[in-house]
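Everything on this sheet refers to the single structure shown next.
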Amino acid sequence: MLKKLAVAALLGLVLLVCVVLVNTWRFQSVQTAVEAIAAPPVTVAALQHFQQAVSFRTISFADSARFEPAAFLGFRGFLEATYPLMHQTLTREVIKGYSLLYRWPGRDASLKPVVLMAHQDVVPIEEATRERWTTDPFAGTVKDEFIWGRGTTDDKINLIAICEAVEKLLQQGWVPDRTVYLAFGHDEEVGGKGAIAMAALLKQRNIAAELVMDEGGIITKEKIPGMQQPVALLGTSEKGYLSLTLTVEKPGGHSSMPESETAIDILTRALVTLRSRPFEPSFSAPMQGFIQHLGPEMPLAQKMAFANPWLFKKIIIGTYDQSAAGSAMMRTTMVPTIVQAGIKDNVIPTQAVATVNFRLLPGDESTEVIERVKTIIQDARVQVTLYSGAFAEASAVTPVRGFGYQKIARIAKKTYPALLTSPFLMLGATDSRHFGEISSNIIKFSPMIDPIGFHGIDERVSLESYQTALWFYEQLLRDLR
Ligand SMILES: [Zn+2]
């Protein structure tokens, strides 16, 4: 009997190994081979234009009273002076005072247009960190093969590379196959009212775009565990955004005679309970695409795991859970961001309030998330309400087989050698989320290589990245069929 069991177990094991190996063997590359064409060197003029662009302090402040119109008007004037053919040939509309919407008529009116997006605004320099910058954040210094400054990576590299490519093609008398819109928002970092208005205007004119492209994923040589080749991460969806307010009210009083439980105690317990029960990980459509596109290119052990997610899901999750970004790729996240209570050290406050920010995985809807939060907290004394401010469900997922993904993947491979491409879930929010009614093919991708200091100190982008971005947009505009 025992022997029979042992034989059965052995047979089962052999079968399991066979299935794993066959799946691994059948897990073939889905990457299309495209020969890269070496990018031409960056001209002195193109480099100067980028540096000048950085010098305009087009800052989006959380406090709208600090908005400086002169910086944006200056930047607009700089674009007009620097790209004269673009401003002669393309029509331009100014939206919401500062956002710029250009239209470049294409050769074939029967083809749906494309929209290339980039934003003019940048985040502020935190006063406390100003001293820690190596260079003047608004000088656009070139040093150690990098261009340094606020907005170099986010998002002036894309804006300037698009303008340079358009101007260059106009100099050559080029007419694009399709109509091209350029949508340059002015307040992406504070909600994107400019982008909302531009999208509404296009919709009102019944314009449906074949492709909308905006900032997003990057080319990375170092960020994907186990990967040797450079990978272009093409954002096919972005997470939703939700904040909730947790309020506890309970009579306070003198701190010399505390009751066994105060408003702060109740709120703290709710927050601790919430944080101890993270959302379950799951492989959303972009993550599944990531596995299919990059799994076959990985070293054998990882390839085997990705080829058999039914068996190795836990290992994959464990690997990606080791970084905050990896973890956020697989689940709806939640984190308290504001906690407020108390006014004096000897007074027990009657109210304690916390704001918790959620980033929703595609498929997790806000109503379910709110219900889940209430269920976890299980305490009627904690009121859960919607925080006034930004809110968005996760965006739709752009199909990998569609025109948009295929086109961008091909052009990316053409502009950078030995490049793999993969769908990707954007963790942050971009202006392109407002364009869901204009196109079902929205790709979020910035053609730059491992930028540094995004929204932080010593923000900078390599000269190689700028060269790649210039080449990418030129190739894209030349090949819009
Ligand atoms: Zn940005």
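Chains: A, B, ... in order of the structure tokens. Residues: from 1 per chain. Ligands: from 1, in order shown.
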Contacts to ligand 1 at 12 Å cut-off (only C-alpha atoms and all ligand atoms) as a PyMOL selection string: chain A and resi 59-60+117-123+150-159+184-192+214-217+426+428-432+444-446+454-455
Write out as a list in words which residues come within 10 Å of Ala109 in chain A when counting only C-alpha atoms, dropping same-chain ones fewer than 3 positions away. Pro105, Gly106, Lys112, Pro113, Asp177, Arg178 and Thr179 of chain A
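By chain and then residue number, the residues within 8 Å of Gly295 in chain A are A:Phe27, A:Phe290, A:Ile291, A:Gln292, A:Met298, A:Gln302, A:Lys303, A:Phe306, A:Ala307, counting only C-alpha atoms and disregarding those fewer than 3 positions away in sequence.
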Please identify all polymer residues within 12 Å of range 30-37 of chain A, counting only C-alpha atoms, omitting same-chain residues fewer than 3 positions from it, and present them as a PyMOL selection string. chain A and resi 26-27+40+231-232+289-297+400-401+406-407+409-423+468+471-472+475
Name the residues of range 94-284 of chain A that come out as strand (DSSP E) in a backbone DSSP run; write them as a ChimeraX atom specification. /A:94-95,99-104,114-119,142-143,146-148,180-185,211-220,231-238,240-249,253-254
Create the file for the chosen residues now, containing C-alpha atoms and written as an mmCIF file, in the first residue's frame.
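The file below, selection_33.cif, is the result:
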data_model
loop_
_atom_site.group_PDB
_atom_site.id
_atom_site.type_symbol
_atom_site.label_atom_id
_atom_site.label_comp_id
_atom_site.auth_asym_id
_atom_site.auth_seq_id
_atom_site.Cartn_x
_atom_site.Cartn_y
_atom_site.Cartn_z
ATOM 1 C CA VAL A 94 -5.005 78.799 -26.176
ATOM 2 C CA ILE A 95 -7.219 76.936 -23.730
ATOM 3 C CA SER A 99 -2.784 75.366 -22.240
ATOM 4 C CA LEU A 100 -1.766 75.127 -25.910
ATOM 5 C CA LEU A 101 -3.582 72.993 -28.477
ATOM 6 C CA TYR A 102 -1.938 72.775 -31.920
ATOM 7 C CA ARG A 103 -3.301 71.167 -35.058
ATOM 8 C CA TRP A 104 -1.112 69.997 -37.938
ATOM 9 C CA VAL A 114 -3.117 61.298 -33.282
ATOM 10 C CA VAL A 115 -2.648 63.446 -30.190
ATOM 11 C CA LEU A 116 0.818 63.991 -28.712
ATOM 12 C CA MET A 117 0.691 65.352 -25.172
ATOM 13 C CA ALA A 118 3.198 66.956 -22.819
ATOM 14 C CA HIS A 119 2.781 69.448 -20.000
ATOM 15 C CA VAL A 142 24.748 70.425 -18.742
ATOM 16 C CA LYS A 143 27.165 68.473 -16.600
ATOM 17 C CA PHE A 146 23.212 65.003 -17.987
ATOM 18 C CA ILE A 147 20.895 67.982 -18.356
ATOM 19 C CA TRP A 148 20.002 69.120 -14.837
ATOM 20 C CA VAL A 180 -1.458 65.577 -35.555
ATOM 21 C CA TYR A 181 -2.658 67.434 -32.476
ATOM 22 C CA LEU A 182 -0.193 68.659 -29.880
ATOM 23 C CA ALA A 183 -1.808 69.151 -26.477
ATOM 24 C CA PHE A 184 0.431 70.971 -24.010
ATOM 25 C CA GLY A 185 -1.383 71.356 -20.691
ATOM 26 C CA LEU A 211 -3.688 57.259 -30.662
ATOM 27 C CA VAL A 212 -3.102 59.545 -27.707
ATOM 28 C CA MET A 213 0.429 59.568 -26.373
ATOM 29 C CA ASP A 214 1.524 61.159 -23.117
ATOM 30 C CA GLU A 215 4.325 60.926 -20.542
ATOM 31 C CA GLY A 216 4.495 57.731 -18.527
ATOM 32 C CA GLY A 217 6.694 54.649 -18.564
ATOM 33 C CA ILE A 218 10.376 54.939 -19.432
ATOM 34 C CA ILE A 219 13.214 52.936 -20.918
ATOM 35 C CA THR A 220 14.905 51.122 -18.061
ATOM 36 C CA VAL A 231 12.995 47.586 -21.614
ATOM 37 C CA ALA A 232 10.552 50.262 -22.755
ATOM 38 C CA LEU A 233 7.603 50.285 -20.351
ATOM 39 C CA LEU A 234 4.557 51.455 -22.291
ATOM 40 C CA GLY A 235 1.817 52.538 -19.909
ATOM 41 C CA THR A 236 -1.461 50.980 -21.021
ATOM 42 C CA SER A 237 -3.480 52.000 -17.985
ATOM 43 C CA GLU A 238 -3.166 54.161 -14.918
ATOM 44 C CA GLY A 240 -7.373 55.309 -10.015
ATOM 45 C CA TYR A 241 -7.157 57.948 -7.307
ATOM 46 C CA LEU A 242 -9.327 58.194 -4.222
ATOM 47 C CA SER A 243 -8.972 59.814 -0.815
ATOM 48 C CA LEU A 244 -11.201 59.153 2.158
ATOM 49 C CA THR A 245 -11.628 61.096 5.376
ATOM 50 C CA LEU A 246 -11.946 59.176 8.631
ATOM 51 C CA THR A 247 -13.540 61.222 11.394
ATOM 52 C CA VAL A 248 -14.015 60.296 15.048
ATOM 53 C CA GLU A 249 -15.927 62.570 17.441
ATOM 54 C CA GLY A 253 -11.858 67.025 28.390
ATOM 55 C CA HIS A 254 -8.994 67.523 30.762
#
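Using only C-alpha atoms for every distance, the candidate list A:Ile196, A:Ala81, A:Val54, A:Leu477 yields A:Val54 as the residue closest to Phe138 in chain A.
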Would you mind listing what lies within 8 Å of Lys96 in chain A as a ChimeraX atom specification, with only C-alpha atoms counted and same-chain residues fewer than 3 positions away left out? /A:99,193-194,197
Pull N, CA and C atoms from the residues just selected and write them as an mmCIF file, in the first residue's frame.
data_model
loop_
_atom_site.group_PDB
_atom_site.id
_atom_site.type_symbol
_atom_site.label_atom_id
_atom_site.label_comp_id
_atom_site.auth_asym_id
_atom_site.auth_seq_id
_atom_site.Cartn_x
_atom_site.Cartn_y
_atom_site.Cartn_z
ATOM 1 N N SER A 99 -3.029 76.632 -21.548
ATOM 2 C CA SER A 99 -2.784 75.366 -22.240
ATOM 3 C C SER A 99 -2.774 75.633 -23.743
ATOM 4 N N LYS A 193 -6.757 70.924 -15.342
ATOM 5 C CA LYS A 193 -7.964 71.572 -15.897
ATOM 6 C C LYS A 193 -7.768 71.897 -17.374
ATOM 7 N N GLY A 194 -6.530 72.238 -17.746
ATOM 8 C CA GLY A 194 -6.227 72.524 -19.153
ATOM 9 C C GLY A 194 -6.488 71.303 -20.013
ATOM 10 N N ALA A 197 -10.188 70.559 -20.371
ATOM 11 C CA ALA A 197 -10.843 71.453 -21.329
ATOM 12 C C ALA A 197 -10.462 71.095 -22.774
#
Report, in Å with one decimal, the straight-line distance from CA of Pro281 in chain A to CA of Thr332 in chain A. 8.0 Å
